[in-house]
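Chemist: Right, I'll just put the structure down here and ask away after.
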Amino acid sequence: MNSVKVLFDSQALLADNEEEKVITLDRIEEVDPKPTLTVKLSDEIREKQRELFNKYNRIVFRGNRKEQEAELKSKKTEYAKALVDLCVINSTGLFEKHDKALLKRVFIRQSSFMDYVLSEITKAFDGSVKLTEEEAEEEAEDEKN
């Protein structure tokens, strides 16, 4: 009998697992070893992350129906701070000891660092399924609507 390779493990999905994922901030050049963030992920946290995204990011349409333009209105700093409170549980190499308040203060002073950290945390929430470029664009469009 041929075994079919499946994409998702049913037992893992049915279990209410909470996992920790260590994100290495390897694009930072000044320090070695590279700083890390540890995030906590679970289905409940993933749902709250989506709610936070929708709360701090919205699409605004301008113009008439024939020439309508969409613009993303984002409160990126507030979203990043809320995301840190939601899921970041530890860090190494950023401060003498882990401190969420200091991390959020760095976001205010170093917006490019905040963008990078936000991107890396988002990748952790996205999971490991790879989509072709066309499917990924369709998925992004569906999330906007």
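Identifiers in this document derive from the order of the structure tokens: chains are assigned A, B, ..., residues are numbered from 1 separately in each chain, and ligands are numbered from 1 in order of occurrence.
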Just list as number ranges by chain whatever in chain A DSSP marks as helix (DSSP H, G or I).
Modeler: A: 10-14, 43-56, 76-87, 100-109, 111-126, 133-144
Chemist: Write out as JSON, numbers by chain all residues of chain A that backbone DSSP assigns to strand (DSSP E or B).
Modeler: {"A": [19, 20, 21, 22, 23, 24, 36, 37, 38, 39, 40, 41, 57, 58, 59, 60, 61, 62, 69, 70, 71, 72, 73, 74, 88, 89, 90, 91, 92]}
Chemist: Produce a file of the selected residues containing N, CA and C atoms, as a PDB file, in the first residue's frame.
Modeler:
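Dumped everything to out-v3.pdb:
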ATOM      1  N   GLU A  19       3.747  26.667  21.425  1.00  0.00           N
ATOM      2  CA  GLU A  19       5.157  26.464  21.103  1.00  0.00           C
ATOM      3  C   GLU A  19       5.928  27.755  21.278  1.00  0.00           C
ATOM      4  N   GLU A  20       7.202  27.595  21.454  1.00  0.00           N
ATOM      5  CA  GLU A  20       8.095  28.746  21.517  1.00  0.00           C
ATOM      6  C   GLU A  20       8.993  28.686  20.299  1.00  0.00           C
ATOM      7  N   LYS A  21       9.157  29.820  19.666  1.00  0.00           N
ATOM      8  CA  LYS A  21      10.010  29.893  18.486  1.00  0.00           C
ATOM      9  C   LYS A  21      11.065  30.962  18.726  1.00  0.00           C
ATOM     10  N   VAL A  22      12.330  30.597  18.520  1.00  0.00           N
ATOM     11  CA  VAL A  22      13.432  31.537  18.684  1.00  0.00           C
ATOM     12  C   VAL A  22      13.738  32.144  17.313  1.00  0.00           C
ATOM     13  N   ILE A  23      13.710  33.458  17.263  1.00  0.00           N
ATOM     14  CA  ILE A  23      13.996  34.193  16.041  1.00  0.00           C
ATOM     15  C   ILE A  23      15.379  34.822  16.187  1.00  0.00           C
ATOM     16  N   THR A  24      16.282  34.463  15.305  1.00  0.00           N
ATOM     17  CA  THR A  24      17.625  35.043  15.326  1.00  0.00           C
ATOM     18  C   THR A  24      17.636  36.282  14.443  1.00  0.00           C
ATOM     19  N   THR A  36      18.578  37.434  19.725  1.00  0.00           N
ATOM     20  CA  THR A  36      17.411  36.591  19.452  1.00  0.00           C
ATOM     21  C   THR A  36      16.189  37.131  20.190  1.00  0.00           C
ATOM     22  N   LEU A  37      15.041  36.797  19.660  1.00  0.00           N
ATOM     23  CA  LEU A  37      13.754  37.006  20.321  1.00  0.00           C
ATOM     24  C   LEU A  37      13.082  35.651  20.419  1.00  0.00           C
ATOM     25  N   THR A  38      12.454  35.378  21.536  1.00  0.00           N
ATOM     26  CA  THR A  38      11.671  34.161  21.677  1.00  0.00           C
ATOM     27  C   THR A  38      10.207  34.566  21.733  1.00  0.00           C
ATOM     28  N   VAL A  39       9.415  33.984  20.815  1.00  0.00           N
ATOM     29  CA  VAL A  39       7.989  34.278  20.780  1.00  0.00           C
ATOM     30  C   VAL A  39       7.212  33.019  21.132  1.00  0.00           C
ATOM     31  N   LYS A  40       6.062  33.250  21.748  1.00  0.00           N
ATOM     32  CA  LYS A  40       5.160  32.165  22.113  1.00  0.00           C
ATOM     33  C   LYS A  40       4.046  32.134  21.078  1.00  0.00           C
ATOM     34  N   LEU A  41       3.770  30.955  20.526  1.00  0.00           N
ATOM     35  CA  LEU A  41       2.728  30.802  19.517  1.00  0.00           C
ATOM     36  C   LEU A  41       1.738  29.732  19.950  1.00  0.00           C
ATOM     37  N   ASN A  57      -4.326  48.296  11.369  1.00  0.00           N
ATOM     38  CA  ASN A  57      -4.095  48.444   9.931  1.00  0.00           C
ATOM     39  C   ASN A  57      -5.443  48.366   9.212  1.00  0.00           C
ATOM     40  N   ARG A  58      -5.715  49.354   8.390  1.00  0.00           N
ATOM     41  CA  ARG A  58      -6.971  49.326   7.632  1.00  0.00           C
ATOM     42  C   ARG A  58      -6.747  49.940   6.260  1.00  0.00           C
ATOM     43  N   ILE A  59      -7.588  49.529   5.334  1.00  0.00           N
ATOM     44  CA  ILE A  59      -7.501  50.042   3.974  1.00  0.00           C
ATOM     45  C   ILE A  59      -8.541  51.134   3.803  1.00  0.00           C
ATOM     46  N   VAL A  60      -8.106  52.267   3.273  1.00  0.00           N
ATOM     47  CA  VAL A  60      -8.989  53.403   3.025  1.00  0.00           C
ATOM     48  C   VAL A  60      -9.078  53.584   1.515  1.00  0.00           C
ATOM     49  N   PHE A  61     -10.311  53.694   1.018  1.00  0.00           N
ATOM     50  CA  PHE A  61     -10.533  53.914  -0.412  1.00  0.00           C
ATOM     51  C   PHE A  61     -10.827  55.380  -0.652  1.00  0.00           C
ATOM     52  N   ARG A  62     -10.198  55.940  -1.699  1.00  0.00           N
ATOM     53  CA  ARG A  62     -10.396  57.344  -2.052  1.00  0.00           C
ATOM     54  C   ARG A  62     -10.824  57.451  -3.507  1.00  0.00           C
ATOM     55  N   GLU A  69      -8.740  54.671  -5.458  1.00  0.00           N
ATOM     56  CA  GLU A  69      -7.414  54.272  -5.005  1.00  0.00           C
ATOM     57  C   GLU A  69      -7.527  53.740  -3.583  1.00  0.00           C
ATOM     58  N   ALA A  70      -6.762  52.688  -3.313  1.00  0.00           N
ATOM     59  CA  ALA A  70      -6.727  52.120  -1.965  1.00  0.00           C
ATOM     60  C   ALA A  70      -5.416  52.510  -1.303  1.00  0.00           C
ATOM     61  N   GLU A  71      -5.515  52.866  -0.045  1.00  0.00           N
ATOM     62  CA  GLU A  71      -4.325  53.238   0.722  1.00  0.00           C
ATOM     63  C   GLU A  71      -4.383  52.511   2.064  1.00  0.00           C
ATOM     64  N   LEU A  72      -3.249  51.940   2.461  1.00  0.00           N
ATOM     65  CA  LEU A  72      -3.171  51.263   3.744  1.00  0.00           C
ATOM     66  C   LEU A  72      -2.836  52.280   4.821  1.00  0.00           C
ATOM     67  N   LYS A  73      -3.723  52.418   5.784  1.00  0.00           N
ATOM     68  CA  LYS A  73      -3.475  53.272   6.946  1.00  0.00           C
ATOM     69  C   LYS A  73      -3.001  52.362   8.067  1.00  0.00           C
ATOM     70  N   SER A  74      -1.801  52.621   8.533  1.00  0.00           N
ATOM     71  CA  SER A  74      -1.214  51.742   9.519  1.00  0.00           C
ATOM     72  C   SER A  74      -0.711  52.527  10.721  1.00  0.00           C
ATOM     73  N   VAL A  88       6.073  38.119  22.643  1.00  0.00           N
ATOM     74  CA  VAL A  88       7.509  38.053  22.942  1.00  0.00           C
ATOM     75  C   VAL A  88       7.689  37.708  24.421  1.00  0.00           C
ATOM     76  N   ILE A  89       8.414  36.619  24.659  1.00  0.00           N
ATOM     77  CA  ILE A  89       8.582  36.178  26.045  1.00  0.00           C
ATOM     78  C   ILE A  89      10.030  36.277  26.518  1.00  0.00           C
ATOM     79  N   ASN A  90      10.974  36.441  25.584  1.00  0.00           N
ATOM     80  CA  ASN A  90      12.367  36.550  25.991  1.00  0.00           C
ATOM     81  C   ASN A  90      13.183  37.149  24.858  1.00  0.00           C
ATOM     82  N   SER A  91      14.340  37.663  25.216  1.00  0.00           N
ATOM     83  CA  SER A  91      15.290  38.149  24.214  1.00  0.00           C
ATOM     84  C   SER A  91      16.694  37.953  24.765  1.00  0.00           C
ATOM     85  N   THR A  92      17.643  37.809  23.856  1.00  0.00           N
ATOM     86  CA  THR A  92      19.046  37.745  24.253  1.00  0.00           C
ATOM     87  C   THR A  92      19.831  38.676  23.340  1.00  0.00           C
TER      88      THR A  92
END
Chemist: Compare A:Arg109, A:Lys34, A:Lys130, A:Arg46 by their minimum atom-to-atom distance to Asn17 (chain A), counting only C-alpha atoms, and give me the closest one.
Modeler: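 Nearest candidate to Asn17 (chain A) out of A:Arg109, A:Lys34, A:Lys130, A:Arg46: A:Arg46.
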Chemist: Find the spatial neighbours of Leu7 (chain A), counting only C-alpha atoms, within a cut-off of 12 Å - ignore same-chain residues fewer than 3 positions away - and output them as a PyMOL selection string.
Modeler: chain A and resi 4+10+12-13+128-130
Chemist: Please list as a list in words every residue within 10 Å of Ala82 (chain A), counting only C-alpha atoms and excluding residues in the same chain fewer than 4 positions away.
Modeler: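 Contacts, with the query itself left out: Gln49, Leu52, Phe53, Tyr56, Lys76, Thr77, Glu78, Leu86, Cys87, Val88 and Lys104 of chain A.
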Chemist: Just to confirm, what's the straight-line distance from CA of Leu14 (chain A) to CA of Glu51 (chain A) in Å (one decimal)?
Modeler: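 CA of Glu51 (chain A) lies 22.2 Å from CA of Leu14 (chain A).
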Chemist: Can you work out which one of A:Arg50, A:Asp115, A:Phe125, A:Pro35 has the shortest atom-to-atom distance to Lys97 (chain A), counting only C-alpha atoms?
Modeler: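 Nearest candidate to Lys97 (chain A) out of A:Arg50, A:Asp115, A:Phe125, A:Pro35: A:Pro35.
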Chemist: Rounded to one decimal place, report the CA of Pro33 (chain A)-CA of His98 (chain A) distance in Å.
Modeler: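 Result for CA of Pro33 (chain A) versus CA of His98 (chain A): 15.8 Å, one decimal.
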Chemist: So the first atom is CA of Ser42 (chain A) and the second is CA of Thr122 (chain A); what is the distance between them in Å, to one decimal place?
Modeler: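 Separation of CA of Ser42 (chain A) and CA of Thr122 (chain A): 13.8 Å.
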Chemist: From the options A:Leu94, A:Ser112, A:Asn64, A:Tyr79, which residue's atoms come nearest to Val31 (chain A), counting only C-alpha atoms?
Modeler: A:Leu94
Chemist: I'd like to know which of A:Ala80, A:Ala124, A:Val6, A:Leu25 is closest to Ser111 (chain A), using only C-alpha atoms.
Modeler: A:Ala80
